[in-house]
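Q: I have a structure I would like to understand better, so I am pasting it below and will then ask my questions one at a time.
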Amino acid sequence: MYDAGDEPDPRFSLANERTFLAWVRTALAMFAGGVALHALEVPSTHWVRTLVVVALIGLGGLFCLLALVRWARIERAMRLRQPLPSFALGVVMALFLALVAGLLVAVLL
């Protein structure tokens, strides 16, 4: 990836790197939420809680991997002076977190 195209302005590369690290922090928060939910004795159907825990931890790992792919795609696009890729990862995460919020509400009621 670093061999392709021209060196972009360092500010843009560093901003891309900070955004990648923000996605990693979000994934870590999802891991922590899954572990906390597993550790707490929430009065609910056991399978619902297990589903939410597995979803949080598994998709946290997936989002971490997708953040790495997104970082590489943006870095390459900047070097080749191409349009930046779409922001599909944010849409996927927002929809997933809305689903998890709905499941948590169902668990806690």
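Residue numbering restarts at 1 in every chain; chains get A, B, ... in the order shown in the structure tokens, and ligands count up from 1 in that same order.
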Need to verify the contact set: Leu21 of chain A, 12 Å, only C-alpha atoms, exclusion of same-chain residues closer than 2 positions in sequence. Can you return it as a ChimeraX atom specification?
A: /A:14-19,23-28,63-65,67-68,70-71
Q: What's the 12 Å shell around Ala88 of chain A, counting only C-alpha atoms, without same-chain residues fewer than 4 positions away, as a list in words?
A: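 The neighbour list is Phe63, Leu66, Ala67, Val69, Arg70, Leu84, Val92, Met93, Ala94 and Leu95 of chain A.
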Q: Output the selection as a PDB file, in the first residue's frame - N, CA, C and O atoms for each residue.
A:
```
ATOM      1  N   PHE A  63     -15.692  -5.595  13.629  1.00  0.00           N
ATOM      2  CA  PHE A  63     -15.536  -4.166  13.370  1.00  0.00           C
ATOM      3  C   PHE A  63     -14.074  -3.742  13.452  1.00  0.00           C
ATOM      4  O   PHE A  63     -13.642  -2.859  12.720  1.00  0.00           O
ATOM      5  N   LEU A  66     -12.712  -4.771  10.106  1.00  0.00           N
ATOM      6  CA  LEU A  66     -13.224  -3.886   9.062  1.00  0.00           C
ATOM      7  C   LEU A  66     -12.607  -2.491   9.157  1.00  0.00           C
ATOM      8  O   LEU A  66     -12.414  -1.821   8.137  1.00  0.00           O
ATOM      9  N   ALA A  67     -12.295  -2.039  10.362  1.00  0.00           N
ATOM     10  CA  ALA A  67     -11.635  -0.745  10.528  1.00  0.00           C
ATOM     11  C   ALA A  67     -10.249  -0.768   9.893  1.00  0.00           C
ATOM     12  O   ALA A  67      -9.829   0.207   9.261  1.00  0.00           O
ATOM     13  N   VAL A  69      -9.326  -2.666   7.356  1.00  0.00           N
ATOM     14  CA  VAL A  69      -9.548  -2.654   5.903  1.00  0.00           C
ATOM     15  C   VAL A  69      -9.897  -1.249   5.437  1.00  0.00           C
ATOM     16  O   VAL A  69      -9.383  -0.761   4.424  1.00  0.00           O
ATOM     17  N   ARG A  70     -10.760  -0.569   6.195  1.00  0.00           N
ATOM     18  CA  ARG A  70     -11.151   0.801   5.824  1.00  0.00           C
ATOM     19  C   ARG A  70      -9.953   1.737   5.859  1.00  0.00           C
ATOM     20  O   ARG A  70      -9.770   2.561   4.959  1.00  0.00           O
ATOM     21  N   LEU A  84     -12.558   8.983  -1.999  1.00  0.00           N
ATOM     22  CA  LEU A  84     -12.532   8.152  -0.800  1.00  0.00           C
ATOM     23  C   LEU A  84     -13.675   7.140  -0.838  1.00  0.00           C
ATOM     24  O   LEU A  84     -14.740   7.425  -1.380  1.00  0.00           O
ATOM     25  N   VAL A  92     -23.437   0.148   9.103  1.00  0.00           N
ATOM     26  CA  VAL A  92     -23.567  -1.209   9.635  1.00  0.00           C
ATOM     27  C   VAL A  92     -23.510  -1.180  11.159  1.00  0.00           C
ATOM     28  O   VAL A  92     -24.318  -1.821  11.836  1.00  0.00           O
ATOM     29  N   MET A  93     -22.568  -0.428  11.707  1.00  0.00           N
ATOM     30  CA  MET A  93     -22.435  -0.374  13.160  1.00  0.00           C
ATOM     31  C   MET A  93     -23.660   0.266  13.797  1.00  0.00           C
ATOM     32  O   MET A  93     -24.150  -0.214  14.828  1.00  0.00           O
ATOM     33  N   ALA A  94     -24.176   1.326  13.215  1.00  0.00           N
ATOM     34  CA  ALA A  94     -25.359   1.985  13.776  1.00  0.00           C
ATOM     35  C   ALA A  94     -26.563   1.041  13.782  1.00  0.00           C
ATOM     36  O   ALA A  94     -27.289   0.959  14.789  1.00  0.00           O
ATOM     37  N   LEU A  95     -26.770   0.315  12.689  1.00  0.00           N
ATOM     38  CA  LEU A  95     -27.882  -0.636  12.639  1.00  0.00           C
ATOM     39  C   LEU A  95     -27.702  -1.758  13.654  1.00  0.00           C
ATOM     40  O   LEU A  95     -28.645  -2.158  14.341  1.00  0.00           O
TER      41      LEU A  95
END
```
Q: What's the separation between atom CA of Val35 of chain A and atom CA of Val53 of chain A, in Å to one decimal place?
A: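 Separation between atom CA of Val35 of chain A and atom CA of Val53 of chain A: 7.0 Å.
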